[in-house]
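J.: Input structure: start03.txt, which contains compact mmCIF, C-alpha atoms and all ligand atoms.
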# COMPACT_ATOMS: atom_id res chain seq x y z
CA MET L 14 163.04 114.16 55.20
CA SER L 15 160.41 111.71 56.43
CA LYS L 16 156.88 113.09 56.70
CA THR L 17 155.64 110.54 59.20
CA ILE L 18 153.90 111.39 62.46
CA LEU L 19 153.70 108.80 65.23
CA VAL L 20 150.49 108.88 67.28
CA THR L 21 150.85 107.18 70.67
CA GLY L 22 147.36 105.75 70.92
CA PRO L 23 144.18 105.45 68.90
CA ASP L 24 143.07 107.14 65.67
CA LEU L 25 142.82 110.91 65.51
CA ASP L 26 139.66 112.71 64.46
CA PRO L 27 139.09 112.51 60.67
CA ALA L 28 139.62 116.30 60.40
CA ALA L 29 143.12 115.89 61.87
CA VAL L 30 143.88 112.98 59.55
CA ALA L 31 142.69 115.06 56.59
CA LEU L 32 144.93 117.98 57.59
CA ALA L 33 147.96 115.67 57.82
CA THR L 34 147.17 114.12 54.43
CA GLU L 35 146.68 117.54 52.82
CA HIS L 36 150.24 118.44 53.86
CA GLY L 37 151.69 115.13 52.68
CA PHE L 38 152.13 113.58 56.17
CA ASP L 39 151.19 110.03 57.03
CA LEU L 40 150.17 108.83 60.49
CA VAL L 41 151.32 105.66 62.21
CA HIS L 42 150.18 104.47 65.65
CA THR L 43 151.47 102.66 68.71
CA PRO L 44 149.07 100.52 70.74
CA ALA L 45 147.26 102.37 73.55
CA TYR L 46 149.25 102.77 76.80
CA ALA L 47 152.43 101.48 75.17
CA GLU L 48 155.58 101.30 77.31
CA SER L 49 158.44 103.69 76.42
CA GLN L 50 160.34 100.89 74.75
CA VAL L 51 157.47 100.12 72.40
CA ILE L 52 157.15 103.82 71.55
CA SER L 53 160.89 103.92 70.82
CA GLU L 54 160.63 100.89 68.55
CA HIS L 55 157.79 102.49 66.59
CA LEU L 56 159.76 105.73 66.27
CA VAL L 57 162.83 103.97 64.95
CA LYS L 58 160.86 101.80 62.54
CA SER L 59 158.70 104.62 61.18
CA GLY L 60 161.36 107.34 61.11
CA ALA L 61 158.70 109.73 62.43
CA VAL L 62 159.70 113.40 62.72
CA GLY L 63 156.82 114.26 65.03
CA ILE L 64 154.87 112.60 67.83
CA VAL L 65 151.24 113.25 68.68
CA SER L 66 151.33 112.25 72.33
CA ARG L 67 148.16 110.62 73.59
CA MET L 68 149.08 107.78 75.97
CA GLY L 69 152.35 106.55 77.40
CA ARG L 70 155.50 108.33 78.54
CA ILE L 71 157.76 110.24 76.17
CA ASP L 72 161.04 110.35 78.05
CA ALA L 73 164.72 110.88 77.23
CA GLU L 74 165.11 107.23 76.27
CA VAL L 75 162.41 107.62 73.60
CA MET L 76 163.95 110.85 72.28
CA ASP L 77 167.42 109.31 72.11
CA ALA L 78 166.11 106.42 70.06
CA ALA L 79 165.01 108.86 67.38
CA PRO L 80 167.54 111.56 66.44
CA GLN L 81 165.23 112.56 63.55
CA LEU L 82 162.50 113.62 66.00
CA ARG L 83 161.78 117.36 65.65
CA VAL L 84 158.59 118.02 67.61
CA ILE L 85 156.24 116.51 70.18
CA SER L 86 152.64 117.68 70.12
CA LYS L 87 150.30 116.83 72.99
CA HIS L 88 146.85 115.65 72.02
CA GLY L 89 145.45 117.94 74.70
CA VAL L 90 146.99 119.89 77.54
CA GLY L 91 148.52 117.82 80.36
CA VAL L 92 152.22 117.25 79.57
CA ASP L 93 153.10 115.34 82.74
CA ASN L 94 153.77 112.27 80.55
CA ILE L 95 156.49 114.11 78.61
CA ASP L 96 159.98 114.97 79.86
CA LEU L 97 159.94 118.67 78.98
CA ALA L 98 163.55 119.30 80.03
CA ALA L 99 164.88 116.36 78.04
CA ALA L 100 162.98 117.62 74.99
CA ALA L 101 164.31 121.18 75.42
CA SER L 102 167.89 120.04 75.80
CA ARG L 103 167.53 118.26 72.46
CA GLY L 104 165.94 121.35 70.85
CA ILE L 105 162.53 119.66 70.61
CA PRO L 106 159.52 121.89 71.26
CA VAL L 107 156.59 120.32 73.12
CA LEU L 108 153.33 121.81 71.89
CA VAL L 109 149.99 121.91 73.70
CA ALA L 110 146.41 122.53 72.55
CA THR L 111 145.34 124.61 75.53
CA GLY L 112 141.67 125.56 75.43
CA ALA L 113 140.74 123.10 72.68
CA ASN L 114 139.12 120.67 75.14
CA ALA L 115 138.25 123.15 77.90
CA VAL L 116 134.47 123.25 77.43
CA SER L 117 134.18 119.46 77.22
CA VAL L 118 136.24 118.90 80.36
CA ALA L 119 134.38 121.64 82.23
CA GLU L 120 131.05 120.05 81.32
CA HIS L 121 132.43 116.77 82.61
CA ALA L 122 133.49 118.37 85.90
CA ILE L 123 129.96 119.70 86.37
CA ALA L 124 128.48 116.29 85.45
CA LEU L 125 130.67 114.57 88.08
CA LEU L 126 129.76 117.18 90.67
CA LEU L 127 126.02 116.85 90.12
CA ALA L 128 126.21 113.04 90.01
CA ALA L 129 128.11 112.96 93.31
CA VAL L 130 125.98 115.54 95.11
CA LYS L 131 122.65 114.16 93.90
CA ARG L 132 123.74 110.50 94.44
CA VAL L 133 122.66 109.69 90.88
CA LEU L 134 124.56 106.39 90.52
CA PRO L 135 123.49 104.59 93.74
CA LEU L 136 119.89 105.78 93.25
CA ASP L 137 119.87 104.51 89.67
CA GLU L 138 121.39 101.20 90.76
CA GLY L 139 118.86 100.82 93.59
CA LEU L 140 115.91 101.58 91.37
CA ARG L 141 117.01 99.04 88.77
CA ALA L 142 117.32 96.48 91.60
CA GLY L 143 113.69 97.18 92.61
CA ARG L 144 114.33 99.64 95.46
CA TRP L 145 112.38 102.92 95.63
CA GLU L 146 114.76 104.59 98.05
CA LYS L 147 114.49 108.08 99.50
CA PRO L 148 115.43 107.95 103.20
CA GLY L 149 119.17 108.32 103.57
CA PHE L 150 119.49 109.93 100.15
CA ALA L 151 118.56 113.52 100.90
CA GLY L 152 120.81 115.66 98.73
CA ARG L 153 121.92 119.23 99.14
CA GLU L 154 121.49 122.31 97.02
CA LEU L 155 124.58 123.66 95.38
CA ALA L 156 123.14 127.15 94.94
CA GLY L 157 124.84 129.46 97.40
CA ALA L 158 127.70 127.05 98.16
CA THR L 159 131.32 128.02 97.48
CA MET L 160 133.33 126.29 94.78
CA GLY L 161 137.11 126.49 94.98
CA LEU L 162 139.06 126.30 91.73
CA MET L 163 142.61 124.99 92.03
CA GLY L 164 144.27 126.55 88.99
CA MET L 165 142.62 129.29 86.95
CA GLY L 166 143.47 128.18 83.41
CA ALA L 167 141.19 127.41 80.48
CA ILE L 168 139.29 124.49 82.04
CA ALA L 169 138.92 126.12 85.46
CA ARG L 170 137.47 129.25 83.93
CA ALA L 171 135.04 127.28 81.74
CA THR L 172 134.00 125.26 84.81
CA GLY L 173 133.59 128.44 86.83
CA ARG L 174 131.31 129.98 84.20
CA MET L 175 129.10 126.88 84.24
CA ALA L 176 129.11 126.70 88.05
CA GLN L 177 127.94 130.29 88.24
CA GLY L 178 124.85 129.19 86.34
CA LEU L 179 124.13 126.81 89.23
CA GLY L 180 124.45 129.65 91.72
CA LEU L 181 127.81 128.61 93.16
CA LYS L 182 130.10 131.34 94.50
CA LEU L 183 133.67 131.13 93.23
CA VAL L 184 137.06 131.36 94.87
CA GLY L 185 140.32 130.36 93.19
CA TYR L 186 144.01 129.79 93.74
CA ASP L 187 146.65 130.07 91.02
CA PRO L 188 150.04 131.60 91.76
CA PHE L 189 150.75 132.19 88.06
CA ALA L 190 147.44 133.43 86.62
CA PRO L 191 146.85 137.15 86.05
CA ASP L 192 144.18 138.97 88.10
CA SER L 193 142.06 139.14 84.94
CA ALA L 194 141.48 135.35 85.16
CA PHE L 195 139.73 135.88 88.50
CA GLU L 196 138.05 139.12 87.53
CA GLU L 197 136.37 137.67 84.43
CA LEU L 198 134.54 135.24 86.75
CA GLY L 199 134.05 137.56 89.68
CA ALA L 200 136.02 134.96 91.67
CA THR L 201 137.84 135.83 94.87
CA ARG L 202 141.60 135.33 94.57
CA CYS L 203 142.99 133.27 97.46
CA ALA L 204 146.51 134.08 98.60
CA SER L 205 147.32 130.50 99.57
CA VAL L 206 146.20 126.91 99.07
CA ASP L 207 145.06 126.84 102.71
CA GLU L 208 142.80 129.82 102.15
CA LEU L 209 141.25 128.04 99.17
CA LEU L 210 140.78 124.78 101.05
CA ALA L 211 139.14 126.48 104.03
CA GLN L 212 136.42 127.97 101.82
CA SER L 213 135.82 125.15 99.34
CA GLU L 214 132.53 123.32 99.92
CA VAL L 215 133.27 122.00 96.45
CA LEU L 216 136.92 121.80 95.36
CA SER L 217 137.55 121.36 91.65
CA LEU L 218 141.12 120.59 90.58
CA HIS L 219 142.44 122.19 87.37
CA CYS L 220 146.19 122.59 87.80
CA PRO L 221 148.89 120.53 86.07
CA LEU L 222 150.62 117.60 87.73
CA THR L 223 154.17 118.70 88.58
CA PRO L 224 156.61 117.84 91.38
CA ASP L 225 155.07 120.80 93.30
CA THR L 226 151.45 119.69 92.92
CA ARG L 227 151.85 115.91 93.30
CA GLU L 228 149.50 114.70 96.08
CA MET L 229 148.73 118.30 97.04
CA LEU L 230 145.34 117.02 98.18
CA ASN L 231 146.51 114.76 101.00
CA ALA L 232 145.00 113.97 104.43
CA GLU L 233 146.31 117.20 105.93
CA ALA L 234 144.87 119.31 103.11
CA ILE L 235 141.50 117.55 103.13
CA ALA L 236 141.24 118.15 106.91
CA LYS L 237 141.38 121.91 106.18
CA MET L 238 138.23 121.75 104.02
CA PRO L 239 134.73 122.30 105.44
CA LYS L 240 133.22 119.03 106.75
CA GLY L 241 130.96 117.41 104.16
CA ALA L 242 132.70 119.03 101.17
CA TYR L 243 133.01 117.48 97.71
CA VAL L 244 136.11 117.02 95.53
CA VAL L 245 136.03 116.96 91.74
CA ASN L 246 139.14 115.98 89.80
CA THR L 247 139.27 116.20 86.03
CA ALA L 248 142.95 117.21 86.05
CA ARG L 249 145.37 114.42 87.01
CA GLY L 250 144.96 111.60 89.51
CA GLY L 251 148.44 112.20 90.91
CA LEU L 252 147.23 115.47 92.47
CA ILE L 253 145.41 113.42 95.10
CA ASP L 254 146.58 111.00 97.78
CA GLU L 255 143.96 108.43 96.78
CA ALA L 256 144.01 106.47 100.06
CA ALA L 257 143.53 109.71 102.03
CA LEU L 258 140.58 110.66 99.84
CA VAL L 259 138.83 107.36 100.49
CA ASP L 260 139.49 107.65 104.24
CA ALA L 261 138.01 111.15 104.21
CA VAL L 262 134.85 109.97 102.43
CA ARG L 263 134.48 107.10 104.90
CA SER L 264 134.94 109.38 107.91
CA GLY L 265 132.41 111.90 106.57
CA GLN L 266 135.01 114.67 106.26
CA LEU L 267 134.15 114.56 102.56
CA ALA L 268 130.58 113.84 101.45
CA GLY L 269 131.74 112.51 98.10
CA ALA L 270 133.92 112.97 95.07
CA GLY L 271 133.79 112.85 91.29
CA LEU L 272 136.98 111.68 89.61
CA ASP L 273 137.91 111.37 85.94
CA THR L 274 141.60 110.68 86.48
CA PHE L 275 143.68 108.23 88.51
CA ALA L 276 147.21 108.17 89.85
CA SER L 277 147.85 105.16 87.63
CA GLU L 278 145.78 104.62 84.50
CA PRO L 279 143.97 102.40 83.91
CA PRO L 280 143.56 101.71 87.67
CA ALA L 281 143.97 98.20 89.07
CA ALA L 282 140.81 96.08 89.11
CA ASP L 283 140.83 96.08 92.93
CA HIS L 284 141.40 99.84 93.32
CA VAL L 285 140.07 101.10 96.64
CA PHE L 286 137.78 103.63 94.87
CA PHE L 287 135.64 100.81 93.50
CA ASP L 288 134.38 99.94 97.00
CA GLU L 289 133.14 103.45 97.71
CA PRO L 290 129.71 104.37 96.29
CA ALA L 291 130.02 108.05 97.25
CA ILE L 292 132.83 108.40 94.72
CA VAL L 293 131.73 108.75 91.08
CA LEU L 294 134.30 107.52 88.58
CA THR L 295 134.89 107.91 84.85
CA PRO L 296 137.83 106.64 82.74
CA HIS L 297 139.74 109.87 81.89
CA ILE L 298 137.16 110.78 79.32
CA GLY L 299 136.44 114.44 80.07
CA GLY L 300 138.12 115.66 76.91
CA VAL L 301 136.73 112.87 74.76
CA THR L 302 133.86 114.42 72.85
CA ARG L 303 133.32 114.72 69.12
CA GLU L 304 133.82 118.46 69.26
CA ALA L 305 136.92 118.53 71.45
CA GLY L 306 138.40 115.52 69.63
CA ALA L 307 138.25 117.42 66.36
CA ARG L 308 139.71 120.65 67.79
CA VAL L 309 142.47 118.92 69.75
CA GLY L 310 143.41 116.57 66.91
CA VAL L 311 143.62 119.39 64.38
CA GLU L 312 145.65 121.60 66.75
CA ALA L 313 148.05 118.75 67.56
CA VAL L 314 148.68 117.96 63.90
CA ARG L 315 148.80 121.62 62.86
CA GLY L 316 151.57 122.27 65.38
CA ILE L 317 153.72 119.51 63.94
CA ILE L 318 153.17 120.75 60.39
CA GLN L 319 154.09 124.29 61.45
CA ILE L 320 157.37 123.18 62.99
CA ILE L 321 158.33 120.89 60.13
CA GLU L 322 157.37 123.45 57.49
CA GLY L 323 159.30 126.16 59.32
CA GLN L 324 156.33 128.34 60.23
CA GLU L 325 156.16 130.35 63.41
CA VAL L 326 154.42 128.74 66.39
CA PRO L 327 152.78 130.98 69.02
CA GLN L 328 154.74 131.05 72.28
CA ALA L 329 151.68 130.10 74.31
CA ARG L 330 151.52 126.78 72.46
CA ILE L 331 155.05 125.74 73.51
CA ALA L 332 154.96 124.07 76.92
CA ASN L 333 158.75 123.97 77.32
CA ARG L 334 159.43 127.48 75.96
CA LYS L 335 161.36 128.65 79.04
CA LEU L 336 163.55 125.55 78.96
CA LEU L 337 164.06 125.93 75.21
CA ALA L 338 165.15 129.52 75.68
CA ASP L 339 168.23 128.21 77.49
CA ALA L 340 168.82 125.55 74.83
CA PRO L 341 170.23 126.01 71.33
CA ALA L 342 167.78 128.15 69.36
CA LEU L 343 165.52 126.55 66.80
CA GLU L 344 165.21 128.78 63.77
CA ASN L 345 161.49 128.32 63.37
CA VAL L 346 160.41 128.67 67.01
CA GLU L 347 159.63 132.22 68.06
CA LYS L 348 161.65 133.04 71.23
N1 LIG L 401 140.28 114.87 82.14
C1 LIG L 401 140.72 115.21 80.95
O1 LIG L 401 140.39 114.59 79.95
C2 LIG L 401 141.63 116.41 80.81
C3 LIG L 401 141.60 117.12 79.61
C4 LIG L 401 142.40 118.26 79.52
C5 LIG L 401 143.24 118.63 80.54
N2 LIG L 401 143.26 117.88 81.67
C6 LIG L 401 144.10 118.30 82.81
O2 LIG L 401 143.62 119.56 83.25
C7 LIG L 401 144.74 120.41 83.52
C8 LIG L 401 144.34 121.86 83.31
O3 LIG L 401 144.06 122.08 81.95
P1 LIG L 401 143.86 123.55 81.36
O4 LIG L 401 143.49 123.41 79.94
O5 LIG L 401 142.99 124.34 82.26
O6 LIG L 401 145.36 124.08 81.45
P2 LIG L 401 145.87 125.57 81.56
O7 LIG L 401 147.30 125.52 81.23
O8 LIG L 401 144.98 126.48 80.79
O9 LIG L 401 145.69 125.92 83.12
C9 LIG L 401 146.45 125.37 84.14
C10 LIG L 401 146.55 126.42 85.23
O10 LIG L 401 147.12 125.83 86.39
C11 LIG L 401 147.93 126.82 86.99
N3 LIG L 401 148.87 126.25 87.93
C12 LIG L 401 150.11 125.78 87.70
N4 LIG L 401 150.67 125.37 88.85
C13 LIG L 401 149.76 125.60 89.83
C14 LIG L 401 149.75 125.39 91.23
N5 LIG L 401 150.83 124.88 91.86
N6 LIG L 401 148.65 125.71 91.93
C15 LIG L 401 147.58 126.25 91.30
N7 LIG L 401 147.53 126.48 89.97
C16 LIG L 401 148.60 126.15 89.25
C17 LIG L 401 148.57 127.55 85.84
O11 LIG L 401 149.03 128.82 86.22
C18 LIG L 401 147.42 127.62 84.84
O12 LIG L 401 146.70 128.82 84.97
C19 LIG L 401 145.84 119.91 82.57
O13 LIG L 401 147.13 120.16 83.12
C20 LIG L 401 145.56 118.44 82.45
O14 LIG L 401 146.33 117.75 83.40
C21 LIG L 401 142.47 116.78 81.82
O1 LIG L 402 145.65 116.61 79.02
C1 LIG L 402 144.68 116.46 78.30
O2 LIG L 402 144.32 117.29 77.45
C2 LIG L 402 143.82 115.24 78.46
O3 LIG L 402 143.88 114.75 79.77
C3 LIG L 402 144.24 114.21 77.55
O4 LIG L 402 145.35 113.64 78.14
P1 LIG L 402 145.83 112.20 77.70
O5 LIG L 402 145.78 112.18 76.20
O6 LIG L 402 147.22 112.16 78.25
O7 LIG L 402 144.92 111.22 78.32
Just dump the structure as structure tokens.
Ligand SMILES: NC(=O)c1ccc[n+]([C@@H]2O[C@H](COP(=O)([O-])OP(=O)(O)OC[C@H]3O[C@@H](n4cnc5c(N)ncnc54)[C@H](O)[C@@H]3O)[C@@H](O)[C@H]2O)c1
Ligand SMILES: O=C(O)[C@H](O)COP(=O)(O)O

T.:
Amino acid sequence: MSKTILVTGPDLDPAAVALATEHGFDLVHTPAYAESQVISEHLVKSGAVGIVSRMGRIDAEVMDAAPQLRVISKHGVGVDNIDLAAAASRGIPVLVATGANAVSVAEHAIALLLAAVKRVLPLDEGLRAGRWEKPGFAGRELAGATMGLMGMGAIARATGRMAQGLGLKLVGYDPFAPDSAFEELGATRCASVDELLAQSEVLSLHCPLTPDTREMLNAEAIAKMPKGAYVVNTARGGLIDEAALVDAVRSGQLAGAGLDTFASEPPAADHVFFDEPAIVLTPHIGGVTREAGARVGVEAVRGIIQIIEGQEVPQARIANRKLLADAPALENVEK
């Protein structure tokens, strides 16, 4: 059997490459943001048995091009670029590295929040252009304000812990998380999205992009937030109606936003966000740190090795475990 792994995007951390090599696997790559057809071509040509999914969609068409494909391993957490049902119906587990990039992304969420609230970018730009500006740039203190966490998973909880250090009070909404996720932070559990929105002077998004959450933050939802609130999004751009967000910033309903992700990536050169200085933008880089890159890369490769070598993979690592349970059993995947 082939021992090739296809990575859809750039090089993995050297520790991940070393782990693959140690187990006799070789890594081949597609270009960044490759279309499905290009991914399929690389799969066919390489005979890869596993994919480390970084960029680009892995859909049924890709899976059908490669009957030898045994496992897809996300280089991170968000699996909205992978057709989980199509994978399950072909007996292919989709693995995630939940928690491996949580601290890095949480730090990034806090960086975006502080940059937006303290107007760091326009002040820096003004100063470099010779302007010593203070009027019109009065900030606000975050201490004592309420931060709402949408989703209470690994990144939300890491963000919450850091926000507590700034004196923010925490509320959260997550229909699937256990009470312990809220209790460990002393966060109030909201019974509905509306309850969360109504209290969030800062709203930080940390839930996956699914058909249920797509554009959950639209004009109607933003109108339910306190006037002058901030939005931080390090999750997925598709959670937000981007035009509605810009309108809300322009009307003053929102005081600003910090966004690491976009509905379409990379965004078009004339994206409406680029005209709005109260919105701080970064290029989906929250999880890109030396430390997280090493942990995520190693976890992603380890998962593929475990499946191919017939070792047991923890249930929590399998994103499509419920779908797989209804599909023909794989001997080496714990049910
Ligand atoms: N910016 C980046 O570089 C970056 C890096 C990692 C992850 N992400 C994104 O962040 C998201 C969260 O990552 P994580 O590691 O915390 O994942 P996680 O799986 O630990 O947590 C996600 C949480 O969202 C909850 N959830 C699901 N549906 C929900 C809904 N409708 N409303 C509220 N909560 C809901 C789940 O119950 C879970 O507790 C990922 O899905 C991914 O899209 C972005
Ligand atoms: O989901 C993640 O862990 C990060 O957002 C990385 O996602 P990407 O590799 O799809 O950009």

J.: Considering only C-alpha atoms, return as a PyMOL selection string whatever protein or nucleic-acid residues lie within 9 Å of range 208-221 of chain L, sequence-local ones (same chain, fewer than 4 positions apart) excluded.

T.: chain L and resi 90-93+122+126+155+158-169+172+183-187+202-204+226+234-249+252

J.: Determine the nearest neighbour of Val107 in chain L from the options L:Leu337, L:Val311, L:Leu230, L:Val51, counting all atoms listed in the file.

T.: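 So, comparing all the options, the nearest one is L:Leu337.
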
J.: Mind checking which residues fall within 10 Å of Ala256 in chain L, counting all atoms listed in the file, ignoring those fewer than 3 positions away in the same chain, and posting them as a list in words?

T.: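 Contacts, with the query itself left out: Asn231, Ala232, Ile253, Val259, Asp260, Ala261, His284, Val285 and Phe286 of chain L.
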
J.: Taking only C-alpha atoms and all ligand atoms into account, which residues have an atom no farther than 8 Å from ligand LIG 402 (chain L)? I'd like them as a PDB file with C-alpha atoms, in the frame of the given file.

T.:
ATOM      1  CA  SER L  66     151.330 112.250  72.330  1.00  0.00           C
ATOM      2  CA  ARG L  67     148.160 110.620  73.590  1.00  0.00           C
ATOM      3  CA  MET L  68     149.080 107.780  75.970  1.00  0.00           C
ATOM      4  CA  GLY L  69     152.350 106.550  77.400  1.00  0.00           C
ATOM      5  CA  LYS L  87     150.300 116.830  72.990  1.00  0.00           C
ATOM      6  CA  HIS L  88     146.850 115.650  72.020  1.00  0.00           C
ATOM      7  CA  GLY L  89     145.450 117.940  74.700  1.00  0.00           C
ATOM      8  CA  VAL L  90     146.990 119.890  77.540  1.00  0.00           C
ATOM      9  CA  GLY L  91     148.520 117.820  80.360  1.00  0.00           C
ATOM     10  CA  VAL L  92     152.220 117.250  79.570  1.00  0.00           C
ATOM     11  CA  ASN L  94     153.770 112.270  80.550  1.00  0.00           C
ATOM     12  CA  ALA L 110     146.410 122.530  72.550  1.00  0.00           C
ATOM     13  CA  THR L 111     145.340 124.610  75.530  1.00  0.00           C
ATOM     14  CA  ASN L 114     139.120 120.670  75.140  1.00  0.00           C
ATOM     15  CA  THR L 247     139.270 116.200  86.030  1.00  0.00           C
ATOM     16  CA  ALA L 248     142.950 117.210  86.050  1.00  0.00           C
ATOM     17  CA  ARG L 249     145.370 114.420  87.010  1.00  0.00           C
ATOM     18  CA  HIS L 297     139.740 109.870  81.890  1.00  0.00           C
ATOM     19  CA  ILE L 298     137.160 110.780  79.320  1.00  0.00           C
ATOM     20  CA  GLY L 299     136.440 114.440  80.070  1.00  0.00           C
ATOM     21  CA  GLY L 300     138.120 115.660  76.910  1.00  0.00           C
TER      22      GLY L 300
END

J.: Considering only C-alpha atoms and all ligand atoms, can you say which of L:Pro296, L:Gly112, L:Pro23, L:Gly157 comes closest to ligand LIG 401 (chain L)?

T.: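 Among L:Pro296, L:Gly112, L:Pro23, L:Gly157, it is L:Gly112 that comes nearest to ligand LIG 401 (chain L).
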
J.: If I take CA of Ala171 in chain L and CA of Leu272 in chain L, how far is one from the other in Å, to one decimal?

T.: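 Computing the Euclidean distance for CA of Ala171 in chain L and CA of Leu272 in chain L yields 17.6 Å.
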